[in-house]
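A.B. asks: mmCIF, C-alpha atoms and all ligand atoms, saved as start01.cif, coming up:
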data_structure
#
loop_
_atom_site.label_atom_id
_atom_site.label_comp_id
_atom_site.auth_asym_id
_atom_site.auth_seq_id
_atom_site.Cartn_x
_atom_site.Cartn_y
_atom_site.Cartn_z
CA MET A 1 -25.35 77.17 83.41
CA LYS A 2 -25.24 76.21 87.08
CA LEU A 3 -22.81 78.27 89.03
CA HIS A 4 -20.35 76.57 91.26
CA ARG A 5 -18.46 78.30 93.98
CA ARG A 6 -15.26 76.99 92.43
CA THR A 7 -16.01 78.78 89.16
CA PHE A 8 -14.91 81.88 91.04
CA LEU A 9 -11.56 82.48 92.67
CA ALA A 10 -11.73 83.14 96.36
CA THR A 11 -12.78 86.68 97.12
CA THR A 12 -12.87 88.80 100.21
CA ALA A 13 -16.17 90.27 101.26
CA ALA A 14 -14.64 93.73 101.39
CA SER A 15 -16.72 96.19 99.48
CA VAL A 16 -15.21 97.86 96.48
CA LEU A 17 -15.91 101.47 95.90
CA LEU A 18 -17.03 102.73 92.53
CA PRO A 19 -14.92 105.69 91.50
CA LYS A 20 -16.55 109.07 92.02
CA LEU A 21 -14.62 111.21 89.64
CA ALA A 22 -15.83 114.63 88.73
CA LEU A 23 -15.81 115.37 85.05
CA ALA A 24 -13.81 118.32 83.90
CA THR A 25 -15.57 121.11 82.05
CA PRO A 26 -15.98 120.75 79.12
CA GLN A 27 -16.65 117.16 79.94
CA VAL A 28 -14.11 114.80 78.51
CA LEU A 29 -14.26 111.04 78.71
CA ARG A 30 -10.81 109.76 77.89
CA ALA A 31 -10.48 106.07 77.14
CA GLU A 32 -7.03 104.95 78.24
CA PRO A 33 -5.06 102.17 79.89
CA VAL A 34 -5.57 101.99 83.67
CA MET A 35 -4.38 99.76 86.48
CA ALA A 36 -7.36 98.49 88.46
CA GLN A 37 -7.44 96.66 91.78
CA ILE A 38 -9.85 93.95 90.75
CA LEU A 39 -8.41 91.29 93.04
CA PRO A 40 -8.25 91.95 96.80
CA GLU A 41 -5.71 94.58 97.94
CA THR A 42 -3.03 92.01 98.78
CA GLU A 43 -3.07 90.71 95.20
CA PRO A 44 -1.64 92.34 92.09
CA ALA A 45 -3.54 95.02 90.19
CA THR A 46 -4.83 94.35 86.68
CA ARG A 47 -3.99 96.25 83.52
CA MET A 48 -7.32 97.28 82.01
CA LEU A 49 -8.79 99.99 79.84
CA GLY A 50 -10.91 102.62 81.54
CA LEU A 51 -12.15 106.17 81.34
CA ASN A 52 -10.51 109.16 83.06
CA GLY A 53 -8.23 106.92 85.07
CA SER A 54 -10.60 104.25 86.32
CA THR A 55 -12.75 101.32 85.39
CA PRO A 56 -15.72 101.50 85.71
CA GLY A 57 -15.49 105.01 84.29
CA PRO A 58 -16.98 108.01 86.08
CA THR A 59 -20.66 107.95 86.94
CA LEU A 60 -22.44 110.47 84.76
CA ARG A 61 -25.36 111.89 86.70
CA LEU A 62 -27.87 114.35 85.37
CA ARG A 63 -31.52 115.22 85.57
CA GLU A 64 -34.24 114.20 83.11
CA GLY A 65 -34.42 116.56 80.16
CA GLU A 66 -30.87 117.79 80.66
CA ARG A 67 -28.25 117.77 78.00
CA LEU A 68 -25.11 115.69 78.06
CA SER A 69 -22.12 116.98 76.14
CA VAL A 70 -19.12 114.72 76.22
CA ARG A 71 -15.95 114.81 74.19
CA PHE A 72 -14.84 111.20 73.78
CA ASP A 73 -11.06 111.24 73.62
CA ASN A 74 -9.89 107.86 72.49
CA GLN A 75 -6.45 107.05 73.87
CA SER A 76 -7.27 103.36 74.28
CA GLY A 77 -4.90 102.06 71.60
CA GLN A 78 -7.82 100.70 69.52
CA GLY A 79 -10.61 102.20 67.44
CA SER A 80 -13.62 102.78 69.70
CA ALA A 81 -16.96 104.56 70.18
CA LEU A 82 -19.35 105.04 73.10
CA HIS A 83 -22.91 103.75 73.16
CA TRP A 84 -25.42 105.16 75.67
CA HIS A 85 -27.32 102.00 76.51
CA GLY A 86 -31.07 102.41 76.97
CA ILE A 87 -31.26 106.12 76.21
CA ARG A 88 -33.97 107.25 73.79
CA ILE A 89 -31.29 109.07 71.89
CA ASP A 90 -30.83 110.92 68.64
CA ASN A 91 -29.66 108.19 66.22
CA ALA A 92 -26.48 110.05 65.23
CA MET A 93 -25.36 109.93 68.90
CA ASP A 94 -26.01 106.19 69.41
CA GLY A 95 -22.35 105.27 69.11
CA VAL A 96 -22.42 102.28 66.77
CA PRO A 97 -19.44 102.26 64.39
CA GLY A 98 -20.50 101.28 60.89
CA LEU A 99 -24.15 102.06 61.52
CA THR A 100 -24.50 105.47 63.17
CA GLN A 101 -20.97 106.87 63.05
CA GLU A 102 -17.43 106.24 61.91
CA ILE A 103 -15.21 104.43 64.34
CA VAL A 104 -13.17 106.84 66.48
CA ALA A 105 -9.56 105.95 65.64
CA ASP A 106 -6.98 105.73 68.41
CA GLY A 107 -5.86 109.27 69.23
CA GLU A 108 -9.01 110.86 67.76
CA THR A 109 -12.03 112.44 69.44
CA PHE A 110 -15.78 112.42 68.88
CA ASP A 111 -18.29 114.81 70.43
CA TYR A 112 -21.48 113.32 71.83
CA ASP A 113 -24.22 115.79 72.58
CA PHE A 114 -27.81 114.80 73.38
CA THR A 115 -30.60 115.24 75.88
CA VAL A 116 -31.65 112.49 78.26
CA PRO A 117 -35.44 112.43 77.98
CA ASP A 118 -36.27 109.75 80.55
CA PRO A 119 -35.14 109.30 84.16
CA GLY A 120 -33.64 105.96 85.10
CA THR A 121 -30.56 103.82 85.49
CA TYR A 122 -28.49 103.46 82.32
CA TRP A 123 -24.91 102.85 81.37
CA TYR A 124 -22.47 103.69 78.63
CA HIS A 125 -20.02 101.32 77.06
CA SER A 126 -17.75 100.82 74.08
CA HIS A 127 -19.53 99.54 71.00
CA ALA A 128 -16.35 98.66 69.08
CA ARG A 129 -14.99 95.15 69.56
CA SER A 130 -17.31 95.36 72.54
CA TRP A 131 -16.66 91.76 73.60
CA GLU A 132 -13.08 92.87 74.21
CA GLN A 133 -13.41 96.57 75.12
CA VAL A 134 -16.27 96.16 77.59
CA GLU A 135 -14.39 93.26 79.17
CA ARG A 136 -11.27 95.45 79.37
CA GLY A 137 -13.33 98.06 81.19
CA ILE A 138 -14.54 100.80 78.81
CA TYR A 139 -17.89 101.44 80.45
CA GLY A 140 -19.53 103.36 83.28
CA PRO A 141 -22.91 104.19 84.86
CA LEU A 142 -25.22 106.87 83.50
CA ILE A 143 -27.84 107.97 86.01
CA VAL A 144 -30.74 110.20 85.01
CA GLU A 145 -32.53 111.54 88.07
CA GLU A 146 -36.26 112.16 88.23
CA ALA A 147 -37.33 115.80 88.37
CA SER A 148 -38.73 114.92 91.80
CA PRO A 149 -36.92 111.81 92.98
CA PRO A 150 -38.43 109.46 95.57
CA ALA A 151 -37.30 110.10 99.14
CA VAL A 152 -34.28 107.94 100.03
CA ASP A 153 -31.34 108.42 102.37
CA ARG A 154 -28.79 106.96 99.97
CA ASP A 155 -28.87 106.53 96.21
CA ILE A 156 -26.34 103.79 95.53
CA THR A 157 -25.09 102.55 92.17
CA VAL A 158 -23.95 98.93 92.11
CA VAL A 159 -22.07 97.70 89.04
CA ILE A 160 -21.81 93.93 88.77
CA ASP A 161 -19.14 92.39 86.58
CA ASP A 162 -16.97 89.34 86.21
CA TRP A 163 -13.48 89.02 84.78
CA ARG A 164 -11.33 86.19 83.56
CA LEU A 165 -8.03 86.67 85.31
CA GLU A 166 -4.74 84.81 85.20
CA ARG A 167 -2.99 83.84 88.43
CA THR A 168 -0.79 86.92 87.97
CA GLY A 169 -3.88 89.15 88.10
CA ALA A 170 -3.64 89.88 84.37
CA LEU A 171 -6.78 89.80 82.28
CA ALA A 172 -6.82 86.65 80.15
CA GLU A 173 -6.23 87.84 76.60
CA ASP A 174 -8.29 85.16 74.83
CA PHE A 175 -11.01 87.55 73.71
CA ASP A 176 -11.60 85.74 70.43
CA ASN A 177 -11.86 82.29 72.04
CA ARG A 178 -14.25 80.36 69.78
CA HIS A 179 -15.24 77.93 72.47
CA ASP A 180 -16.55 80.82 74.58
CA ALA A 181 -18.24 82.42 71.60
CA SER A 182 -20.03 79.24 70.57
CA HIS A 183 -21.16 78.50 74.14
CA GLY A 184 -22.38 80.93 76.80
CA GLY A 185 -19.82 83.64 76.01
CA ARG A 186 -16.81 84.71 78.03
CA LEU A 187 -17.51 83.86 81.66
CA GLY A 188 -15.13 85.22 84.27
CA ASN A 189 -13.51 83.41 87.18
CA PHE A 190 -13.88 86.39 89.51
CA ALA A 191 -17.00 88.45 90.12
CA ARG A 192 -17.79 91.49 92.12
CA ALA A 193 -20.59 93.92 92.88
CA MET A 194 -19.00 97.39 93.09
CA ALA A 195 -21.04 99.90 95.09
CA SER A 196 -20.78 103.67 95.21
CA GLU A 197 -21.03 103.64 99.04
CA THR A 198 -19.14 101.67 101.68
CA SER A 199 -21.60 102.05 104.54
CA VAL A 200 -25.25 102.51 105.35
CA ARG A 201 -27.10 102.98 108.64
CA GLN A 202 -29.74 100.75 110.14
CA GLY A 203 -33.12 102.10 109.06
CA ASP A 204 -31.77 103.97 106.04
CA ARG A 205 -33.95 103.88 102.99
CA VAL A 206 -31.71 103.09 100.05
CA ARG A 207 -32.12 103.04 96.34
CA LEU A 208 -29.92 100.38 94.78
CA ARG A 209 -29.27 100.77 91.07
CA LEU A 210 -27.93 97.42 89.88
CA ILE A 211 -26.19 97.32 86.51
CA ASN A 212 -24.87 94.09 84.98
CA ALA A 213 -21.82 95.12 82.96
CA ALA A 214 -20.58 91.56 82.34
CA THR A 215 -20.08 90.54 78.74
CA ALA A 216 -21.86 87.22 79.17
CA ARG A 217 -22.71 86.21 82.72
CA ILE A 218 -26.32 86.16 83.83
CA PHE A 219 -26.34 86.85 87.56
CA PRO A 220 -29.02 85.25 89.68
CA LEU A 221 -28.83 87.33 92.87
CA GLU A 222 -29.87 87.20 96.48
CA LEU A 223 -30.11 90.46 98.35
CA THR A 224 -29.83 90.40 102.12
CA GLY A 225 -29.93 93.18 104.70
CA ALA A 226 -32.46 95.29 102.82
CA ASP A 227 -36.19 94.92 102.82
CA GLY A 228 -38.10 96.45 99.94
CA PHE A 229 -39.19 96.25 96.33
CA ILE A 230 -38.02 96.32 92.74
CA VAL A 231 -39.24 99.65 91.39
CA ALA A 232 -37.75 99.78 87.89
CA LEU A 233 -36.31 97.48 85.22
CA ASP A 234 -33.89 98.75 82.55
CA GLY A 235 -34.55 102.26 83.81
CA ARG A 236 -38.32 102.16 83.33
CA PRO A 237 -40.53 102.41 86.44
CA LEU A 238 -42.82 99.49 87.21
CA PRO A 239 -46.49 100.43 87.61
CA GLU A 240 -46.49 98.41 90.85
CA PRO A 241 -43.34 97.74 92.85
CA GLN A 242 -42.52 94.01 92.83
CA PRO A 243 -41.22 91.89 95.68
CA ILE A 244 -37.53 91.08 95.41
CA ALA A 245 -37.71 87.41 94.54
CA ASP A 246 -36.06 85.50 91.72
CA LEU A 247 -33.74 88.39 91.04
CA VAL A 248 -32.01 87.57 87.75
CA ILE A 249 -30.04 90.17 85.86
CA ALA A 250 -28.80 89.44 82.36
CA PRO A 251 -25.91 91.28 80.72
CA ALA A 252 -26.76 94.99 80.18
CA GLN A 253 -29.96 94.81 82.24
CA ARG A 254 -30.60 97.11 85.19
CA VAL A 255 -32.73 96.67 88.28
CA ASP A 256 -33.68 99.50 90.64
CA ILE A 257 -34.58 98.55 94.19
CA ILE A 258 -35.87 100.74 97.00
CA ALA A 259 -35.49 99.13 100.41
CA ASN A 260 -35.01 99.75 104.12
CA VAL A 261 -31.70 98.67 105.61
CA THR A 262 -31.90 95.92 108.23
CA GLY A 263 -28.28 94.72 108.23
CA ASP A 264 -25.14 94.68 106.13
CA VAL A 265 -26.47 94.93 102.59
CA ALA A 266 -25.03 91.99 100.66
CA LEU A 267 -25.44 90.56 97.19
CA SER A 268 -24.80 86.88 96.67
CA VAL A 269 -24.99 84.46 93.81
CA PRO A 270 -26.74 81.24 94.81
CA THR A 271 -24.58 78.21 94.03
CA ARG A 272 -24.96 74.52 94.72
CA GLU A 273 -22.60 74.96 97.66
CA GLY A 274 -24.59 77.85 99.08
CA PRO A 275 -24.68 81.60 98.52
CA PHE A 276 -21.46 83.12 97.15
CA GLU A 277 -21.12 86.74 98.21
CA ILE A 278 -19.95 89.21 95.56
CA GLY A 279 -20.38 92.48 97.43
CA ARG A 280 -21.30 93.96 100.79
CA ILE A 281 -22.08 97.41 102.16
CA ALA A 282 -21.47 97.50 105.91
CA MET A 283 -24.18 98.73 108.26
CA THR A 284 -22.79 101.15 110.81
CA GLY A 285 -24.88 103.25 113.15
CA GLU A 286 -28.54 103.96 113.07
CA ASN A 287 -30.74 106.39 111.20
CA PRO A 288 -32.40 108.53 113.91
CA ALA A 289 -35.33 109.50 111.67
CA PRO A 290 -36.14 106.71 109.23
CA ILE A 291 -38.42 107.45 106.28
CA SER A 292 -41.73 105.86 107.16
CA GLU A 293 -43.94 106.39 104.14
CA PRO A 294 -44.61 103.20 102.17
CA ILE A 295 -42.44 102.37 99.15
CA GLY A 296 -44.55 103.21 96.12
CA PRO A 297 -44.06 103.34 92.37
CA LEU A 298 -41.50 105.76 90.95
CA PRO A 299 -42.85 108.98 89.50
CA GLY A 300 -43.96 108.52 85.91
CA ALA A 301 -44.83 104.82 86.33
CA ARG A 302 -47.66 104.08 83.95
CA ALA A 303 -49.83 101.02 83.68
CA ALA A 304 -49.20 99.11 80.46
CA MET A 305 -51.39 100.19 77.59
CA PRO A 306 -53.81 97.50 76.40
CA PRO A 307 -52.22 95.54 73.54
CA ALA A 308 -53.25 97.47 70.48
CA THR A 309 -53.29 95.43 67.29
CA PRO A 310 -49.72 95.77 66.08
CA ASP A 311 -49.11 96.99 62.56
CA GLN A 312 -46.59 94.23 61.92
CA SER A 313 -45.91 90.78 63.33
CA LEU A 314 -42.40 89.49 62.89
CA THR A 315 -40.27 86.59 64.02
CA LEU A 316 -36.62 86.81 64.98
CA SER A 317 -35.14 83.38 65.32
CA MET A 318 -31.86 82.89 67.18
CA GLU A 319 -29.80 80.14 65.59
CA GLY A 320 -26.41 78.51 65.82
CA GLY A 321 -23.89 77.95 68.59
CA ALA A 322 -22.61 74.72 70.03
CA MET A 323 -25.16 71.91 70.21
CA GLY A 324 -27.36 74.05 68.00
CA GLY A 325 -29.61 72.80 65.30
CA ARG A 326 -30.51 74.58 62.09
CA HIS A 327 -28.20 77.45 61.27
CA GLY A 328 -27.50 79.06 57.94
CA GLY A 329 -25.28 81.99 58.91
CA SER A 330 -21.66 82.58 58.09
CA GLY A 331 -20.66 83.19 61.74
CA LEU A 332 -21.18 80.97 64.75
CA TRP A 333 -24.55 82.60 65.39
CA SER A 334 -27.31 84.09 63.30
CA PHE A 335 -30.74 85.67 63.34
CA ASN A 336 -33.11 84.16 60.76
CA GLY A 337 -30.17 82.52 59.01
CA THR A 338 -28.09 85.68 58.59
CA SER A 339 -24.95 86.49 60.57
CA GLY A 340 -24.03 90.12 61.12
CA LEU A 341 -25.21 93.37 59.62
CA THR A 342 -26.22 93.44 55.99
CA ASP A 343 -27.35 96.39 53.89
CA THR A 344 -30.97 95.40 54.39
CA PRO A 345 -32.46 95.89 57.86
CA PHE A 346 -34.34 93.09 59.58
CA ALA A 347 -37.40 95.33 59.34
CA ARG A 348 -38.43 98.85 58.36
CA PHE A 349 -41.03 100.77 60.29
CA ALA A 350 -42.87 103.97 59.61
CA ARG A 351 -42.37 106.23 62.60
CA GLY A 352 -44.97 105.37 65.25
CA GLU A 353 -45.68 101.88 63.95
CA ALA A 354 -46.15 99.14 66.53
CA ALA A 355 -44.78 95.66 65.97
CA ARG A 356 -45.09 92.39 67.77
CA ILE A 357 -41.85 90.46 67.46
CA THR A 358 -41.58 86.82 68.47
CA LEU A 359 -38.07 86.11 69.68
CA VAL A 360 -37.50 82.40 69.19
CA ASN A 361 -34.50 80.88 70.94
CA ASP A 362 -33.72 77.86 68.83
CA THR A 363 -30.32 77.33 70.48
CA ALA A 364 -28.87 75.58 73.51
CA PHE A 365 -27.94 78.84 75.31
CA PRO A 366 -29.76 81.83 76.81
CA HIS A 367 -29.58 85.16 74.96
CA GLY A 368 -30.21 88.70 76.18
CA ILE A 369 -31.65 90.57 73.22
CA HIS A 370 -31.20 94.33 73.16
CA LEU A 371 -32.87 96.90 70.92
CA HIS A 372 -31.24 100.31 70.60
CA GLY A 373 -33.08 103.60 70.91
CA HIS A 374 -36.35 102.13 72.23
CA HIS A 375 -37.94 100.29 75.11
CA PHE A 376 -40.42 97.51 74.38
CA HIS A 377 -42.99 95.60 76.41
CA GLU A 378 -42.34 91.97 77.20
CA VAL A 379 -45.56 90.04 76.59
CA GLU A 380 -46.35 87.82 79.55
CA ALA A 381 -47.40 84.18 79.38
CA GLY A 382 -51.10 85.02 79.65
CA GLY A 383 -50.81 87.58 76.85
CA SER A 384 -50.82 90.69 79.00
CA LEU A 385 -48.21 93.38 78.54
CA GLY A 386 -45.35 93.09 80.97
CA ALA A 387 -42.50 95.38 81.92
CA LEU A 388 -40.87 97.83 79.55
CA ARG A 389 -37.31 96.76 78.85
CA ASP A 390 -34.47 97.46 76.48
CA THR A 391 -32.89 94.02 76.95
CA THR A 392 -34.87 90.82 77.35
CA LEU A 393 -33.53 87.45 78.44
CA VAL A 394 -34.78 84.50 76.41
CA ASN A 395 -33.73 81.13 77.79
CA ALA A 396 -32.66 78.17 75.68
CA GLY A 397 -35.54 76.61 73.80
CA GLU A 398 -37.98 79.32 74.82
CA SER A 399 -39.54 82.18 72.96
CA ARG A 400 -40.81 85.58 74.00
CA ASP A 401 -43.04 88.08 72.31
CA ILE A 402 -42.24 91.73 72.62
CA ILE A 403 -44.32 94.69 71.51
CA CYS A 404 -42.54 97.85 70.51
CA VAL A 405 -43.70 101.18 69.22
CA PHE A 406 -40.98 102.26 66.81
CA ASP A 407 -41.11 105.99 67.28
CA ASN A 408 -37.45 106.99 67.12
CA PRO A 409 -36.19 107.59 63.58
CA GLY A 410 -32.91 106.09 62.47
CA ALA A 411 -30.92 102.89 62.12
CA TRP A 412 -30.97 100.88 65.34
CA MET A 413 -28.95 97.83 66.31
CA PHE A 414 -30.87 94.80 67.53
CA HIS A 415 -28.50 92.24 68.98
CA CYS A 416 -27.55 89.75 71.63
CA HIS A 417 -25.82 91.38 74.60
CA MET A 418 -23.81 88.27 75.26
CA LEU A 419 -21.12 90.18 73.46
CA GLY A 420 -19.20 87.20 72.07
CA HIS A 421 -22.45 86.09 70.40
CA GLN A 422 -22.80 89.53 68.86
CA ALA A 423 -19.19 89.29 67.64
CA GLU A 424 -20.06 86.00 65.95
CA GLY A 425 -23.08 87.26 64.07
CA MET A 426 -26.03 87.50 66.45
CA LYS A 427 -26.92 91.01 65.44
CA THR A 428 -29.11 92.83 62.99
CA TRP A 429 -30.69 96.28 62.69
CA VAL A 430 -34.02 97.93 62.15
CA GLU A 431 -34.81 101.15 60.39
CA VAL A 432 -37.43 103.67 61.47
CA VAL A 433 -38.26 106.21 58.79
CU1 LIG B 1 -25.44 97.88 75.37
CU2 LIG B 1 -25.62 97.55 71.35
O1 LIG B 1 -25.47 97.67 73.34
CU CU B 2 -26.57 85.42 72.65
#
What would the structure in this file look like if it were written as structure tokens?
Ligand code: C2O
Ligand code: CU
C.D. replies:
Amino acid sequence: MKLHRRTFLATTAASVLLPKLALATPQVLRAEPVMAQILPETEPATRMLGLNGSTPGPTLRLREGERLSVRFDNQSGQGSALHWHGIRIDNAMDGVPGLTQEIVADGETFDYDFTVPDPGTYWYHSHARSWEQVERGIYGPLIVEEASPPAVDRDITVVIDDWRLERTGALAEDFDNRHDASHGGRLGNFARAMASETSVRQGDRVRLRLINAATARIFPLELTGADGFIVALDGRPLPEPQPIADLVIAPAQRVDIIANVTGDVALSVPTREGPFEIGRIAMTGENPAPISEPIGPLPGARAAMPPATPDQSLTLSMEGGAMGGRHGGSGLWSFNGTSGLTDTPFARFARGEAARITLVNDTAFPHGIHLHGHHFHEVEAGGSLGALRDTTLVNAGESRDIICVFDNPGAWMFHCHMLGHQAEGMKTWVEVV
């Protein structure tokens, strides 16, 4: 999965602004066709789907513990539903057609109403034909602020995505391409990091909230022009801020960085031909009173609990795909020999039970495995508990243990976030009773 510069069309370094649309009261998120300027200004716009007139949709921003009430008005032309990725949510609000709610038919509405218990960087996206609807643009950022946020001059959301575009600027319509689905998923030929600000000042302390909204592309990233630390992964604060090295962000993952601006802030993808820039925030002027206190952990960061003996130990084996070995599922991909959701969950847990799950990647491709409604600890090579995540990247031929306390009652999807893989069977569910 080496990236080549020529896998992307030429792009300008001009920064692209994320839309800042206020939500009407009562808040309505209307999925609908939009024209989006994905290519540079001199090129044609692209017909996409979006929310309230733009893709990405409006940034929803609220404070921990607050309540979000949204009427989803589906004018997209297809059945849809919204999933609130990473939120410890009431199961009925999780937005999974066929598991937690009926699909919202075109022209119909559905009311989502829930509290956001934990601060962090999240996003919302369609969970119906997601490999198509997320690619078409039905998604947006969801930011939950800390009750007392860390001091920064700018809090900047950066959505990273790629698109497969025709020469005319139109989105390639081959959403059900089986070659993509059996390989790494639908990879775009144009990529961009879209920031909510166009400029910063020298000496500003910035918080960068990176969200990978791509349906399949894993972005290895280089950040220049900002000197600081990773402070949170998938919305959860790290007990100790980590240096920004080997920054890799899989589909659906988030990375929060706090850093001091030293130049134009740029994100690049390393390629064999050198770094390929996908977004830049210009540095203009100087901050007369820079924040000088050291960059520390976010409020609420807790050291990992010692690994308690889990109540259950389970194995989830990823199988299938091109160049794959053993595979018994009916789709291109499967978990433990089964493709897609069946009436029986992969596992049932009594509320509060802890489980250690070994994710075995027995395929020739990487997979980003996402559990709904919970965060889990990645278990590190030495056996210690690593970061809390809601989506973990397991490379081809590798395996990873996760430990999760299943404390949120309901039926929760557990699937690959390479969305074409999910479409072709790499999904299951768990039940917490
Ligand atoms: Cu972000 Cu089931 O997905
Ligand atoms: Cu996958």
A.B. asks: Could you jot down the atom CA of A:Glu145 to atom CA of A:Asp118 separation for me, Å, one decimal place?
C.D. replies: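 Computed distance, atom CA of A:Glu145 to atom CA of A:Asp118, equals 8.6 Å.
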A.B. asks: Need to verify the contact set: A:Glu378, 9 Å, all atoms listed in the file, exclusion of same-chain residues closer than 3 positions in sequence. Can you return it as a list of chain:residue names?
C.D. replies: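 The filter keeps A:Ser384, A:Leu385, A:Gly386, A:Ala387, A:Leu388, A:Arg389, A:Thr392, A:Arg400, A:Asp401, A:Ile402, A:Ile403, A:Cys404.
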A.B. asks: Return as a PyMOL selection string every polymer residue, whether protein, DNA or RNA, with at least one atom no more than 10 Å from an atom of ligand LIG 1 (chain B); count only C-alpha atoms and all ligand atoms.
C.D. replies: chain A and resi 82-86+94-96+122-128+130+134+139+213+215+251-253+369-373+390-391+412-419+422+427
A.B. asks: Measuring atom to atom with only C-alpha atoms and all ligand atoms, identify which of A:Gly368, A:Pro56, A:Gly324, A:Pro241 is nearest to ligand CU 2 (chain B).
C.D. replies: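 Residue with the minimum atom-to-atom distance to ligand CU 2 (chain B): A:Gly368.
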A.B. asks: May I ask which of the residues A:Phe376, A:Phe72, A:Phe175, A:Phe110 is the closest one to A:Arg129, counting only C-alpha atoms?
C.D. replies: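 For A:Arg129, the nearest of the candidates is A:Phe175.
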A.B. asks: Dump the neighbourhood of ligand CU 2 (chain B) as a VMD selection string: all residues within 12 Å, distances computed on all atoms listed in the file.
C.D. replies: chain A and resid 131 180 to 186 215 to 218 250 to 251 317 to 322 332 to 335 359 to 370 391 to 396 414 to 427
A.B. asks: Could you name the residues that touch stretch 33-35 of chain A at 8 Å or less, counting only C-alpha atoms, but leaving out those on the same chain fewer than 2 positions away, as a tab-separated table (two decimals) with C-alpha atoms, keeping the file's coordinate frame?
C.D. replies:
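What follows is the written file out.tsv:
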chain	number	residue	atom	x	y	z
A	31	ALA	CA	-10.48	106.07	77.14
A	37	GLN	CA	-7.44	96.66	91.78
A	45	ALA	CA	-3.54	95.02	90.19
A	46	THR	CA	-4.83	94.35	86.68
A	47	ARG	CA	-3.99	96.25	83.52
A	48	MET	CA	-7.32	97.28	82.01
A	49	LEU	CA	-8.79	99.99	79.84
A	50	GLY	CA	-10.91	102.62	81.54
A	53	GLY	CA	-8.23	106.92	85.07
A	54	SER	CA	-10.60	104.25	86.32
A	55	THR	CA	-12.75	101.32	85.39
A	75	GLN	CA	-6.45	107.05	73.87
A	76	SER	CA	-7.27	103.36	74.28
A.B. asks: Which of these residues is nearest to A:Arg236, using only C-alpha atoms: A:Leu221, A:Ala151, A:Ala214, A:Leu298?
C.D. replies: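 Smallest distance to A:Arg236 is found for A:Leu298.
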A.B. asks: Within 9 Å of A:Asp90, counting only C-alpha atoms, which residues qualify if same-chain residues fewer than 3 places away don't, as JSON, numbers by chain?
C.D. replies: {"A": [87, 93, 94, 114, 115, 373, 408, 409, 410]}
A.B. asks: For atom CA of A:Asn260 and atom CA of A:Gln202, determine how far apart the two atoms are, in Å to one decimal place.
C.D. replies: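 Taking atom CA of A:Asn260 and atom CA of A:Gln202, their separation equals 8.1 Å.
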A.B. asks: What's the separation between atom CA of A:Val152 and atom CA of A:Leu233, in Å to one decimal place?
C.D. replies: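 Going from atom CA of A:Val152 over to atom CA of A:Leu233, I get 18.2 Å.
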A.B. asks: For A:Asp256, which residue among A:Asp106, A:Glu286, A:Asp155, A:Asp227 is the nearest when counting all atoms listed in the file?
C.D. replies: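 Between A:Asp106, A:Glu286, A:Asp155, A:Asp227, the residue approaching A:Asp256 most closely is A:Asp155.
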A.B. asks: Given the point (-31.1, 101.0, 85.4) in the coordinates of this file, which residues lie within 7 Å, counting all atoms listed in the file, and how would they look as a ChimeraX atom specification?
C.D. replies: /A:120-122,209-211,233-235,254-256
A.B. asks: With only C-alpha atoms as the atoms that count, which of A:Val379, A:Leu187, A:Ile257, A:Leu60 lies nearest to A:Ala172?
C.D. replies: A:Leu187
A.B. asks: Sorted by chain and rising residue number, which residues of stretch 121-183 of chain A lie within 12 Å of stretch 262-268 of chain A, and what are their closest atom pairs and distances in Å to one decimal, counting only C-alpha atoms, as CSV?
C.D. replies:
residue,atom,partner,partner_atom,distance
A:Ile156,CA,A:Val265,CA,11.3
A:Val158,CA,A:Leu267,CA,9.9
A:Val159,CA,A:Leu267,CA,11.3
A:Ile160,CA,A:Leu267,CA,9.8
A.B. asks: Once 8 Å is added on each side, what centre and edge lengths in Å to one decimal does the axis-aligned box around all listed atoms of stretch 319-335 of chain A have, as AutoDock Vina command-line options?
C.D. replies:
--center_x -25.7 --center_y 78.8 --center_z 64.1 --size_x 26.1 --size_y 29.8 --size_z 28.3
A.B. asks: Smallest atom-to-atom distance to A:Asn336: which of A:Phe406, A:Ala350, A:Ile38, A:Thr428, using all atoms listed in the file?
C.D. replies: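 The answer is A:Thr428, which sits nearest to A:Asn336.
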A.B. asks: I'd like the contact shell of stretch 345-347 of chain A - 7 Å cut-off, only C-alpha atoms, skipping same-chain residues fewer than 2 positions apart - returned as a PDB file with C-alpha atoms, in the coordinates of the input.
C.D. replies:
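Once written, around.pdb looks like this:
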ATOM      1  CA  THR A 342     -26.220  93.440  55.990  1.00  0.00           C
ATOM      2  CA  ASP A 343     -27.350  96.390  53.890  1.00  0.00           C
ATOM      3  CA  PHE A 349     -41.030 100.770  60.290  1.00  0.00           C
ATOM      4  CA  THR A 428     -29.110  92.830  62.990  1.00  0.00           C
ATOM      5  CA  TRP A 429     -30.690  96.280  62.690  1.00  0.00           C
ATOM      6  CA  VAL A 430     -34.020  97.930  62.150  1.00  0.00           C
ATOM      7  CA  GLU A 431     -34.810 101.150  60.390  1.00  0.00           C
TER       8      GLU A 431
END
